[in-house]
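*Asks:* Handing over target_21.cif, mmCIF, C-alpha atoms.
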data_start
loop_
_atom_site.label_atom_id
_atom_site.label_comp_id
_atom_site.auth_asym_id
_atom_site.auth_seq_id
_atom_site.Cartn_x
_atom_site.Cartn_y
_atom_site.Cartn_z
CA MET A 1031 -5.40 -28.26 -15.27
CA LEU A 1032 -6.32 -29.31 -11.74
CA ALA A 1033 -2.94 -28.11 -10.47
CA ARG A 1034 -3.51 -24.73 -12.12
CA LEU A 1035 -6.94 -24.40 -10.52
CA LEU A 1036 -5.50 -25.25 -7.13
CA GLN A 1037 -2.88 -22.52 -7.59
CA GLU A 1038 -5.65 -20.02 -8.30
CA ARG A 1039 -7.96 -21.26 -5.54
CA PHE A 1040 -8.03 -17.81 -3.92
CA LEU A 1041 -9.33 -16.38 -7.19
CA LEU A 1042 -12.01 -19.09 -7.37
CA ILE A 1043 -12.99 -18.34 -3.78
CA GLY A 1044 -13.19 -14.67 -4.71
CA LEU A 1045 -15.41 -15.46 -7.70
CA ALA A 1046 -17.82 -17.51 -5.58
CA VAL A 1047 -17.93 -14.90 -2.81
CA ALA A 1048 -18.37 -12.02 -5.28
CA ILE A 1049 -21.36 -13.76 -6.89
CA ALA A 1050 -22.88 -14.59 -3.50
CA ALA A 1051 -22.32 -11.03 -2.23
CA PHE A 1052 -23.82 -9.44 -5.34
CA VAL A 1053 -26.89 -11.69 -5.22
CA GLY A 1054 -27.38 -11.66 -1.44
CA GLU A 1055 -26.52 -8.04 -0.60
CA GLU A 1056 -30.11 -6.99 0.14
CA SER A 1057 -30.81 -10.10 2.18
CA ILE A 1058 -27.73 -9.59 4.34
CA ALA A 1059 -28.63 -5.92 4.80
CA HIS A 1060 -31.90 -6.97 6.49
CA MET A 1061 -30.31 -9.40 8.97
CA GLY A 1062 -29.10 -6.82 11.45
CA GLN A 1063 -25.88 -4.96 12.15
CA ALA A 1064 -24.01 -7.97 13.55
CA ILE A 1065 -24.53 -10.01 10.38
CA GLU A 1066 -23.67 -6.99 8.24
CA LEU A 1067 -20.36 -6.55 10.05
CA ILE A 1068 -19.55 -10.26 9.81
CA GLY A 1069 -20.30 -10.16 6.09
CA ALA A 1070 -18.24 -7.00 5.60
CA PHE A 1071 -15.14 -8.38 7.36
CA ALA A 1072 -15.51 -11.68 5.52
CA LEU A 1073 -15.41 -9.73 2.27
CA VAL A 1074 -12.31 -7.86 3.48
CA ALA A 1075 -10.58 -11.20 4.09
CA VAL A 1076 -11.47 -12.49 0.62
CA ILE A 1077 -10.39 -9.19 -1.01
CA VAL A 1078 -6.98 -9.64 0.67
CA LEU A 1079 -6.73 -13.19 -0.70
CA VAL A 1080 -7.54 -12.03 -4.23
CA SER A 1081 -5.11 -9.12 -3.96
CA THR A 1082 -2.29 -11.54 -3.11
CA ARG A 1083 -2.90 -13.31 -6.44
CA ILE A 1084 -2.87 -10.00 -8.29
CA ALA A 1085 0.45 -9.15 -6.64
CA HIS A 1086 1.84 -12.60 -7.49
CA HIS A 1087 1.01 -12.34 -11.19
CA ALA A 1088 2.18 -8.73 -11.36
CA GLU A 1089 5.55 -9.93 -10.07
CA ILE A 1090 5.63 -12.64 -12.73
CA LEU A 1091 4.93 -10.08 -15.46
CA ALA A 1092 7.59 -7.79 -14.03
CA SER A 1093 10.21 -10.55 -14.15
CA LYS A 1094 9.35 -11.26 -17.79
CA VAL A 1095 9.28 -7.77 -19.27
CA GLY A 1096 12.16 -6.31 -17.26
CA ASP A 1097 12.69 -2.66 -16.36
CA PRO A 1098 11.41 -0.04 -16.67
CA TYR A 1099 8.12 -1.74 -17.49
CA GLY A 1100 8.51 -4.34 -14.76
CA THR A 1101 8.97 -1.64 -12.14
CA MET A 1102 5.93 0.20 -13.46
CA ILE A 1103 3.80 -2.96 -13.30
CA LEU A 1104 4.81 -3.68 -9.71
CA THR A 1105 4.31 -0.10 -8.56
CA LEU A 1106 0.97 0.32 -10.27
CA SER A 1107 -0.34 -3.05 -9.08
CA ALA A 1108 0.59 -2.16 -5.50
CA VAL A 1109 -1.64 0.93 -5.63
CA MET A 1110 -4.31 -0.27 -8.06
CA VAL A 1111 -6.32 -2.21 -5.48
CA GLU A 1112 -6.30 0.74 -3.09
CA VAL A 1113 -7.43 3.22 -5.75
CA ILE A 1114 -10.22 0.93 -6.95
CA ILE A 1115 -11.56 0.40 -3.45
CA LEU A 1116 -11.29 4.10 -2.65
CA ALA A 1117 -13.11 5.13 -5.83
CA ILE A 1118 -15.93 2.67 -5.21
CA MET A 1119 -16.28 3.60 -1.55
CA MET A 1120 -16.29 7.31 -2.36
CA GLN A 1121 -19.14 6.66 -4.78
CA ALA A 1122 -21.14 4.57 -2.32
CA ASN A 1123 -20.38 6.69 0.75
CA PRO A 1124 -18.81 10.05 -0.19
CA ALA A 1125 -16.86 10.72 3.01
CA PRO A 1126 -14.75 13.81 2.24
CA THR A 1127 -11.81 12.71 4.43
CA LEU A 1128 -11.59 9.07 3.32
CA VAL A 1129 -8.82 9.60 0.76
CA ARG A 1130 -6.70 11.66 3.17
CA ASP A 1131 -7.18 9.24 6.05
CA THR A 1132 -6.38 6.23 3.85
CA ILE A 1133 -3.11 7.70 2.58
CA TYR A 1134 -2.14 8.72 6.11
CA ALA A 1135 -2.98 5.24 7.44
CA ALA A 1136 -1.01 3.61 4.63
CA VAL A 1137 2.12 5.64 5.43
CA MET A 1138 1.82 4.80 9.14
CA LEU A 1139 1.29 1.12 8.33
CA ASP A 1140 4.12 0.89 5.79
CA ILE A 1141 6.86 2.87 7.56
CA ASN A 1142 6.03 2.34 11.22
CA GLY A 1143 4.21 -0.99 11.02
CA ILE A 1144 5.99 -3.00 8.31
CA LEU A 1145 9.45 -1.43 8.54
CA GLY A 1146 9.31 -1.16 12.33
CA LEU A 1147 8.27 -4.77 12.94
CA ALA A 1148 10.66 -6.10 10.29
CA ALA A 1149 13.65 -4.16 11.69
CA LEU A 1150 12.71 -5.21 15.23
CA LEU A 1151 12.44 -8.93 14.45
CA GLY A 1152 15.37 -8.89 12.03
CA GLY A 1153 17.50 -7.01 14.57
CA ILE A 1154 16.71 -9.50 17.31
CA ARG A 1155 17.74 -12.37 15.03
CA HIS A 1156 20.71 -10.85 13.17
CA GLY A 1157 21.79 -7.75 15.11
CA GLU A 1158 22.68 -4.87 12.79
CA GLN A 1159 21.30 -5.38 9.27
CA PRO A 1160 22.98 -3.58 6.35
CA TYR A 1161 21.31 -1.87 3.40
CA ASN A 1162 22.07 0.97 0.97
CA ASP A 1163 21.48 4.19 2.89
CA ASN A 1164 20.92 6.10 -0.39
CA SER A 1165 17.56 4.36 -0.74
CA GLY A 1166 16.27 5.46 2.65
CA LYS A 1167 17.35 9.06 2.08
CA THR A 1168 15.80 9.17 -1.41
CA TYR A 1169 12.51 7.63 -0.34
CA GLY A 1170 12.30 9.85 2.74
CA VAL A 1171 12.78 13.18 0.99
CA MET A 1172 10.34 12.26 -1.78
CA ILE A 1173 7.66 11.12 0.68
CA LEU A 1174 8.11 14.36 2.63
CA THR A 1175 7.83 16.46 -0.52
CA ALA A 1176 4.82 14.57 -1.89
CA MET A 1177 2.90 14.64 1.40
CA GLY A 1178 3.80 18.28 2.01
CA ILE A 1179 2.48 19.36 -1.38
CA SER A 1180 -0.66 17.23 -1.35
CA MET A 1181 -1.63 16.97 2.33
CA ILE A 1182 -0.15 19.91 4.28
CA VAL A 1183 -0.16 22.89 1.90
CA PRO A 1184 -3.90 22.42 1.02
CA GLU A 1185 -4.72 23.66 4.53
CA PHE A 1186 -3.64 27.13 3.40
CA VAL A 1187 -5.23 27.11 -0.08
CA PRO A 1188 -8.46 29.17 -0.30
CA LYS A 1189 -11.52 27.11 -1.19
CA GLN A 1190 -12.20 29.10 -4.35
CA HIS A 1191 -8.82 28.00 -5.72
CA TRP A 1192 -9.10 24.27 -4.95
CA GLN A 1193 -9.51 23.27 -8.60
CA ALA A 1194 -6.37 25.10 -9.70
CA TYR A 1195 -4.37 23.62 -6.84
CA SER A 1196 -5.75 20.13 -7.49
CA ALA A 1197 -4.61 20.39 -11.11
CA PHE A 1198 -1.19 21.58 -9.94
CA THR A 1199 -0.98 18.67 -7.49
CA ILE A 1200 -1.68 16.18 -10.27
CA VAL A 1201 1.11 17.63 -12.42
CA ALA A 1202 3.52 17.76 -9.46
CA MET A 1203 2.90 14.12 -8.48
CA ILE A 1204 3.32 12.92 -12.07
CA ALA A 1205 6.58 14.88 -12.36
CA LEU A 1206 7.88 13.39 -9.11
CA TYR A 1207 6.91 9.88 -10.14
CA GLY A 1208 8.46 10.28 -13.58
CA LEU A 1209 11.77 11.40 -12.07
CA PHE A 1210 11.66 8.68 -9.43
CA LEU A 1211 11.01 5.97 -12.03
CA ARG A 1212 13.87 7.23 -14.18
CA MET A 1213 16.20 7.19 -11.17
CA GLN A 1214 15.03 3.75 -10.12
CA VAL A 1215 15.67 2.07 -13.45
CA GLY A 1216 18.38 4.32 -14.87
CA ALA A 1217 21.68 5.78 -13.81
CA HIS A 1218 20.75 5.87 -10.10
CA SER A 1219 19.37 2.33 -9.85
CA TYR A 1220 22.22 1.47 -7.47
CA PHE A 1221 20.51 3.69 -4.88
CA PHE A 1222 17.98 0.92 -4.36
CA SER A 1223 20.22 -2.17 -4.27
CA TYR A 1224 22.76 -3.62 -1.90
CA ALA A 1225 25.68 -5.89 -2.73
CA TYR A 1226 25.38 -8.70 -0.19
CA PRO A 1227 28.36 -10.96 0.50
CA ARG A 1228 28.52 -13.99 -1.80
CA ALA A 1229 27.50 -16.39 0.98
CA GLU A 1230 24.31 -14.43 1.60
CA ARG A 1231 23.32 -14.26 -2.07
CA LYS A 1232 22.43 -17.93 -1.99
CA GLU A 1233 19.53 -17.08 0.31
CA GLY A 1234 17.81 -14.92 -2.28
CA LYS A 1235 18.37 -12.50 -5.12
CA PRO A 1236 19.27 -8.88 -4.39
CA SER A 1237 16.56 -6.48 -5.38
CA THR A 1238 16.35 -3.12 -7.09
CA GLY A 1239 13.70 -0.48 -6.31
CA ALA A 1240 10.09 -1.49 -6.59
CA ALA A 1241 11.14 -4.74 -8.21
CA SER A 1242 12.23 -5.86 -4.76
CA LYS A 1243 8.63 -6.74 -4.06
CA ALA A 1244 9.08 -9.89 -6.10
CA PRO A 1245 10.16 -12.74 -3.85
CA SER A 1246 13.03 -14.83 -5.10
CA GLY A 1247 10.78 -17.85 -5.36
CA HIS A 1248 9.06 -16.40 -8.41
CA ALA A 1249 11.87 -17.53 -10.66
CA ALA A 1250 10.23 -20.94 -10.79
CA ALA A 1251 7.05 -19.35 -12.14
CA ASP A 1252 8.72 -17.82 -15.19
CA ASP A 1253 7.23 -20.56 -17.37
CA GLU A 1254 3.70 -19.29 -16.71
CA PRO A 1255 2.18 -17.70 -19.83
CA VAL A 1256 1.87 -13.92 -19.93
CA SER A 1257 -1.75 -14.21 -21.05
CA LEU A 1258 -2.63 -16.10 -17.87
CA SER A 1259 -1.09 -13.46 -15.61
CA ILE A 1260 -2.87 -10.65 -17.47
CA ALA A 1261 -6.18 -12.53 -17.30
CA VAL A 1262 -5.81 -13.19 -13.57
CA ILE A 1263 -5.01 -9.52 -12.87
CA ILE A 1264 -8.04 -8.32 -14.88
CA ILE A 1265 -10.39 -10.86 -13.31
CA GLY A 1266 -9.00 -10.12 -9.85
CA VAL A 1267 -9.55 -6.39 -10.24
CA ILE A 1268 -13.15 -6.95 -11.36
CA LEU A 1269 -13.82 -9.28 -8.42
CA ILE A 1270 -12.32 -6.80 -5.96
CA GLY A 1271 -14.48 -4.05 -7.45
CA VAL A 1272 -17.67 -6.08 -6.97
CA MET A 1273 -16.77 -7.17 -3.45
CA ALA A 1274 -15.61 -3.68 -2.46
CA GLU A 1275 -18.94 -2.18 -3.47
CA VAL A 1276 -20.89 -4.64 -1.32
CA MET A 1277 -18.33 -4.40 1.50
CA SER A 1278 -18.66 -0.62 1.56
CA VAL A 1279 -22.44 -0.77 1.91
CA LEU A 1280 -22.37 -3.46 4.61
CA MET A 1281 -19.53 -1.83 6.54
CA THR A 1282 -21.15 1.60 6.53
CA SER A 1283 -24.48 0.23 7.69
CA GLY A 1284 -22.91 -2.17 10.18
CA LEU A 1285 -20.77 0.48 11.86
CA GLU A 1286 -23.58 3.04 12.08
CA GLY A 1287 -24.29 3.94 15.68
CA THR A 1288 -21.57 1.66 17.08
CA GLY A 1289 -19.18 4.45 18.06
CA ALA A 1290 -16.46 3.03 15.83
CA PRO A 1291 -13.59 5.44 15.06
CA PRO A 1292 -14.34 7.62 12.01
CA ALA A 1293 -11.09 6.56 10.35
CA MET A 1294 -11.73 2.81 10.64
CA MET A 1295 -12.77 2.52 6.98
CA ALA A 1296 -9.56 4.25 5.92
CA VAL A 1297 -7.43 1.91 8.05
CA ILE A 1298 -9.21 -1.10 6.52
CA VAL A 1299 -8.52 0.09 2.98
CA ALA A 1300 -4.86 0.76 3.82
CA ALA A 1301 -4.51 -2.66 5.44
CA ILE A 1302 -6.01 -4.39 2.40
CA SER A 1303 -3.53 -2.77 0.03
CA ALA A 1304 -0.56 -3.48 2.35
CA ALA A 1305 -1.47 -7.09 3.18
CA PRO A 1306 0.44 -8.76 0.29
CA GLU A 1307 3.59 -6.82 1.19
CA ILE A 1308 3.70 -7.49 4.94
CA LEU A 1309 4.79 -11.13 4.81
CA THR A 1310 7.27 -10.43 2.00
CA ALA A 1311 8.93 -7.67 4.03
CA LEU A 1312 9.06 -9.78 7.21
CA ARG A 1313 10.53 -12.76 5.35
CA ALA A 1314 13.20 -10.52 3.83
CA ALA A 1315 14.16 -9.07 7.22
CA LEU A 1316 14.33 -12.47 8.88
CA ALA A 1317 16.55 -13.64 5.99
CA ASN A 1318 18.87 -10.67 6.75
CA ARG A 1319 17.96 -8.88 3.52
CA MET A 1320 16.99 -5.49 4.89
CA GLN A 1321 17.36 -3.75 1.51
CA SER A 1322 14.27 -5.54 0.26
CA THR A 1323 12.37 -4.55 3.38
CA VAL A 1324 13.36 -0.88 3.04
CA ASN A 1325 12.35 -0.89 -0.63
CA ILE A 1326 9.01 -2.48 0.16
CA ALA A 1327 8.05 -0.31 3.15
CA MET A 1328 9.35 3.04 1.95
CA GLY A 1329 8.53 2.34 -1.71
CA ALA A 1330 4.95 1.39 -0.85
CA SER A 1331 4.52 4.62 1.14
CA LEU A 1332 5.84 6.72 -1.71
CA SER A 1333 3.74 4.90 -4.29
CA THR A 1334 0.60 5.35 -2.21
CA VAL A 1335 1.06 9.11 -2.00
CA ILE A 1336 2.52 9.82 -5.40
CA LEU A 1337 0.06 7.67 -7.40
CA THR A 1338 -3.14 7.68 -5.34
CA VAL A 1339 -3.25 11.47 -4.98
CA PRO A 1340 -3.32 12.36 -8.71
CA VAL A 1341 -5.93 9.70 -9.50
CA MET A 1342 -8.26 10.80 -6.71
CA GLU A 1343 -7.67 14.50 -7.42
CA ALA A 1344 -8.58 13.85 -11.06
CA ILE A 1345 -11.81 12.21 -9.89
CA ALA A 1346 -12.52 15.25 -7.70
CA LEU A 1347 -11.99 17.59 -10.66
CA TYR A 1348 -14.22 15.44 -12.88
CA THR A 1349 -17.07 15.27 -10.36
CA GLY A 1350 -16.62 18.83 -9.09
CA GLN A 1351 -16.60 17.56 -5.51
CA PRO A 1352 -13.34 18.33 -3.65
CA PHE A 1353 -11.88 16.01 -1.02
CA VAL A 1354 -10.48 17.19 2.30
CA MET A 1355 -6.79 16.47 1.72
CA ALA A 1356 -5.26 18.69 4.44
CA MET A 1357 -4.18 16.56 7.40
CA THR A 1358 -5.34 17.28 10.92
CA PRO A 1359 -2.78 18.67 13.42
CA THR A 1360 -2.49 15.20 14.99
CA GLN A 1361 -1.88 13.54 11.62
CA THR A 1362 0.67 16.19 10.64
CA ALA A 1363 2.54 15.69 13.92
CA MET A 1364 2.60 11.90 13.49
CA VAL A 1365 3.84 12.16 9.89
CA ALA A 1366 6.53 14.66 10.93
CA ILE A 1367 7.75 12.46 13.80
CA THR A 1368 7.70 9.38 11.54
CA LEU A 1369 9.71 10.99 8.75
CA ILE A 1370 12.21 12.55 11.17
CA ALA A 1371 12.68 9.18 12.88
CA ALA A 1372 13.06 7.49 9.49
CA ALA A 1373 15.61 10.10 8.37
CA ILE A 1374 17.70 9.41 11.50
CA ASN A 1375 17.29 5.64 11.50
CA LEU A 1376 17.87 5.17 7.77
CA ASN A 1377 20.91 7.42 7.60
CA ASP A 1378 23.78 5.05 8.42
CA GLY A 1379 23.20 1.99 6.23
CA GLU A 1380 22.29 -0.36 9.11
CA THR A 1381 19.14 -1.06 11.08
CA ASN A 1382 18.83 -2.66 14.49
CA ALA A 1383 16.17 -3.74 16.95
CA ILE A 1384 16.16 -0.38 18.76
CA GLU A 1385 15.43 1.51 15.54
CA GLY A 1386 12.73 -1.03 14.71
CA MET A 1387 11.16 -0.58 18.13
CA THR A 1388 10.99 3.21 17.73
CA HIS A 1389 8.96 2.85 14.56
CA PHE A 1390 6.80 0.07 15.97
CA ILE A 1391 5.96 2.23 19.02
CA LEU A 1392 4.98 5.01 16.61
CA PHE A 1393 2.70 2.50 14.87
CA ALA A 1394 1.16 1.54 18.22
CA THR A 1395 0.63 5.26 18.88
CA PHE A 1396 -1.13 5.59 15.54
CA VAL A 1397 -3.43 2.67 16.44
CA MET A 1398 -4.18 4.23 19.83
CA LEU A 1399 -4.92 7.64 18.34
CA THR A 1400 -7.19 6.06 15.72
CA ALA A 1401 -9.05 4.12 18.42
CA ILE A 1402 -9.85 7.31 20.34
CA GLY A 1403 -10.90 9.12 17.18
CA LEU A 1404 -7.87 11.32 16.50
#
Transcribe the structure of this file into structure tokens.

*Replies:*
Amino acid sequence: MLARLLQERFLLIGLAVAIAAFVGEESIAHMGQAIELIGAFALVAVIVLVSTRIAHHAEILASKVGDPYGTMILTLSAVMVEVIILAIMMQANPAPTLVRDTIYAAVMLDINGILGLAALLGGIRHGEQPYNDNSGKTYGVMILTAMGISMIVPEFVPKQHWQAYSAFTIVAMIALYGLFLRMQVGAHSYFFSYAYPRAERKEGKPSTGAASKAPSGHAAADDEPVSLSIAVIIIGVILIGVMAEVMSVLMTSGLEGTGAPPAMMAVIVAAISAAPEILTALRAALANRMQSTVNIAMGASLSTVILTVPVMEAIALYTGQPFVMAMTPTQTAMVAITLIAAAINLNDGETNAIEGMTHFILFATFVMLTAIGL
């Protein structure tokens, strides 16, 4: 029992912090902006800890039920935290561009940040790292299509037709996801796997599609009961919801008048959702298993767009309050450069440090543009 509690210590920390935040929210709000910001970033750190446990137990469930349900669990759990935080923050502070900026930040973080850093470090250690080039091509064209439909075309849709186009976007994203899931677990599953030489297989199991997010070390956790994993996921989601609500209030109040970039909240939400995947992707690259890294980085980007958009558009239709989904010219340019670079770099079945550096420099550019308010 004690060993089990120690394993779930992050969840226990989250429970204690959530209770303290819920009870002490008003008191913290009267202690000044500095204390509010400290409290808000402390909550962000604890939310990340809890989200890692949700991801861990989602991976355990995925390994038990197998595909296609395992893939669905992993994909949905990767986006669930982001959607919950977004929905709560939109309710507490209805910023019309928060959803757009969060999706944009997530794509920059996943493709340029995670993939760029992983390919750079992996390339320095191993040189050229092989993977299945079909995966990069498939992810790239689907991300381009999904972002084009949901975040570029809306710029040209008249305001009086936003509800009709929102409904169309929901249907389009569901259709894309349905096809992608069928490809991932069906006849085209080989697109997302790579046959490593026998000597390399001892370092870890080859991965397929979204299931690649499960580290090989989870095999030892297969004896954990399904009921425990389900309970931890439910409790974790509730705790994140409580902490996100308080974090949103404290962050909004703490940043007021500080001159902080308008998109900072969006970057924070994107970073929270990507945190559990960063170390997994880096470990895979350093172990010379670039296929897992490609699946994680590109798959996370696609999942963010293709699953977050329909949920948030449905909320907009329900409330009657549209979001600003059309990207700014700067965001559109950065997405275009990123996807073109990814199409070139992920076209030959091997990554190297130079290709990693190109994406990482694009990520640094994104950080710089965000810092100056673009």

*Asks:* Apply the PyMOL selection byres ((chain A and resi 1182) around 9) to the displayed file and report the matching residues as a list in words.

*Replies:*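 For this structure, the PyMOL selection byres ((chain A and resi 1182) around 9) captures Met1177, Gly1178, Ile1179, Ser1180, Met1181, Val1183, Pro1184, Glu1185, Phe1186, Met1355, Ala1356, Met1357, Thr1358 and Thr1362 of chain A.
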
*Asks:* Could you state which residues are captured by the PyMOL selection byres ((chain A and resi 1370) around 12) in this file, as a PyMOL selection string?

*Replies:* chain A and resi 1141-1142+1166-1167+1170-1171+1173-1174+1363-1369+1371-1377+1388-1389+1392

*Asks:* Could you tell me how far atom CA of Leu1316 of chain A lies from atom CA of Phe1390 of chain A, in Å and to one decimal?

*Replies:*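 Distance reported for this atom pair: 16.3 Å.
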
*Asks:* Could you check the closest approach to Val1341 of chain A for each of A:Ser1057, A:Ser1165, A:Thr1199, A:Thr1127 and tell me which residue wins, using all atoms listed in the file?

*Replies:* A:Thr1199

*Asks:* Provide the atom CA of Ala1217 of chain A to atom CA of Glu1380 of chain A distance in Å, to one decimal place.

*Replies:* 23.7 Å

*Asks:* Which residues match the PyMOL selection byres ((chain A and resi 1275) around 12) in the file above, as an mmCIF file with C-alpha atoms, in the coordinates of the input?

*Replies:*
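Listing of result36.cif after writing:
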data_model
loop_
_atom_site.group_PDB
_atom_site.id
_atom_site.type_symbol
_atom_site.label_atom_id
_atom_site.label_comp_id
_atom_site.auth_asym_id
_atom_site.auth_seq_id
_atom_site.Cartn_x
_atom_site.Cartn_y
_atom_site.Cartn_z
ATOM 1 C CA ALA A 1048 -18.370 -12.020 -5.280
ATOM 2 C CA ALA A 1051 -22.320 -11.030 -2.230
ATOM 3 C CA PHE A 1052 -23.820 -9.440 -5.340
ATOM 4 C CA GLU A 1055 -26.520 -8.040 -0.600
ATOM 5 C CA ALA A 1070 -18.240 -7.000 5.600
ATOM 6 C CA LEU A 1073 -15.410 -9.730 2.270
ATOM 7 C CA VAL A 1074 -12.310 -7.860 3.480
ATOM 8 C CA ILE A 1077 -10.390 -9.190 -1.010
ATOM 9 C CA ILE A 1114 -10.220 0.930 -6.950
ATOM 10 C CA ILE A 1115 -11.560 0.400 -3.450
ATOM 11 C CA LEU A 1116 -11.290 4.100 -2.650
ATOM 12 C CA ALA A 1117 -13.110 5.130 -5.830
ATOM 13 C CA ILE A 1118 -15.930 2.670 -5.210
ATOM 14 C CA MET A 1119 -16.280 3.600 -1.550
ATOM 15 C CA MET A 1120 -16.290 7.310 -2.360
ATOM 16 C CA GLN A 1121 -19.140 6.660 -4.780
ATOM 17 C CA ALA A 1122 -21.140 4.570 -2.320
ATOM 18 C CA ASN A 1123 -20.380 6.690 0.750
ATOM 19 C CA ILE A 1268 -13.150 -6.950 -11.360
ATOM 20 C CA LEU A 1269 -13.820 -9.280 -8.420
ATOM 21 C CA ILE A 1270 -12.320 -6.800 -5.960
ATOM 22 C CA GLY A 1271 -14.480 -4.050 -7.450
ATOM 23 C CA VAL A 1272 -17.670 -6.080 -6.970
ATOM 24 C CA MET A 1273 -16.770 -7.170 -3.450
ATOM 25 C CA ALA A 1274 -15.610 -3.680 -2.460
ATOM 26 C CA VAL A 1276 -20.890 -4.640 -1.320
ATOM 27 C CA MET A 1277 -18.330 -4.400 1.500
ATOM 28 C CA SER A 1278 -18.660 -0.620 1.560
ATOM 29 C CA VAL A 1279 -22.440 -0.770 1.910
ATOM 30 C CA LEU A 1280 -22.370 -3.460 4.610
ATOM 31 C CA MET A 1281 -19.530 -1.830 6.540
ATOM 32 C CA THR A 1282 -21.150 1.600 6.530
#

*Asks:* Would you mind listing what lies within 10 Å of Leu1206 of chain A as a PyMOL selection string, with only C-alpha atoms counted and same-chain residues fewer than 2 positions away left out?

*Replies:* chain A and resi 1172+1175-1176+1201-1204+1208-1212+1336-1337

*Asks:* For Ser1257 of chain A, please output as a short mmCIF file (atom, residue, chain, number, x, y, z; two decimals) with C-alpha atoms, keeping the file's coordinate frame all residues within 12 Å (counting all atoms listed in the file; exclusion window: fewer than 6 positions along the same chain).

*Replies:*
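So selection_23.cif came out as:
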data_model
loop_
_atom_site.label_atom_id
_atom_site.label_comp_id
_atom_site.auth_asym_id
_atom_site.auth_seq_id
_atom_site.Cartn_x
_atom_site.Cartn_y
_atom_site.Cartn_z
CA HIS A 1087 1.01 -12.34 -11.19
CA ALA A 1088 2.18 -8.73 -11.36
CA ILE A 1090 5.63 -12.64 -12.73
CA LEU A 1091 4.93 -10.08 -15.46
CA LYS A 1094 9.35 -11.26 -17.79
CA ILE A 1263 -5.01 -9.52 -12.87
CA ILE A 1264 -8.04 -8.32 -14.88
#

*Asks:* Can you work out the spacing between atom CA of Glu1254 of chain A and atom CA of Gly1216 of chain A in Å, to one decimal?

*Replies:*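 Separation of atom CA of Glu1254 of chain A and atom CA of Gly1216 of chain A: 27.9 Å.
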
*Asks:* Smallest atom-to-atom distance to Tyr1224 of chain A: which of A:Ala1383, A:Met1295, A:Ala1346, A:Met1320, using all atoms listed in the file?

*Replies:* A:Met1320

*Asks:* Choose the residue, out of A:Asn1325, A:Val1047, A:Pro1160, A:Val1111, that has the smallest atom-to-atom separation from Gln1214 of chain A; count only C-alpha atoms.

*Replies:*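 Looking at the shortest contact to Gln1214 of chain A, the residue is A:Asn1325.
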
*Asks:* Could you give me, as a ChimeraX atom specification, the residues within 12 Å of segment 1258-1262 of chain A, counting all atoms listed in the file and dropping anything in the same chain fewer than 5 positions from it?

*Replies:* /A:1034-1035,1037-1042,1044-1045,1080-1094,1103,1107,1251-1253,1267-1270

*Asks:* Excluding Leu1150 of chain A and any residue of its chain fewer than 3 positions from it, enumerate the residues within 6 Å of it, using only C-alpha atoms, and give them as a PyMOL selection string.

*Replies:* chain A and resi 1147+1153+1383+1386-1387

*Asks:* Select, from A:Asp1140, A:Glu1066, A:Glu1158, A:Glu1056, the residue with the minimum atom-to-atom distance to Ile1302 of chain A, counting only C-alpha atoms.

*Replies:* A:Asp1140

*Asks:* Point out the residue among A:Arg1130, A:Arg1313, A:Lys1189, A:Arg1319 with the least atom-to-atom distance to Ser1223 of chain A, counting all atoms listed in the file.

*Replies:* A:Arg1319

*Asks:* Please identify all polymer residues within 8 Å of Ala1300 of chain A, counting all atoms listed in the file, omitting same-chain residues fewer than 5 positions from it, and present them as a VMD selection string.

*Replies:* chain A and resid 1112 1132 to 1133 1135 to 1136 1139
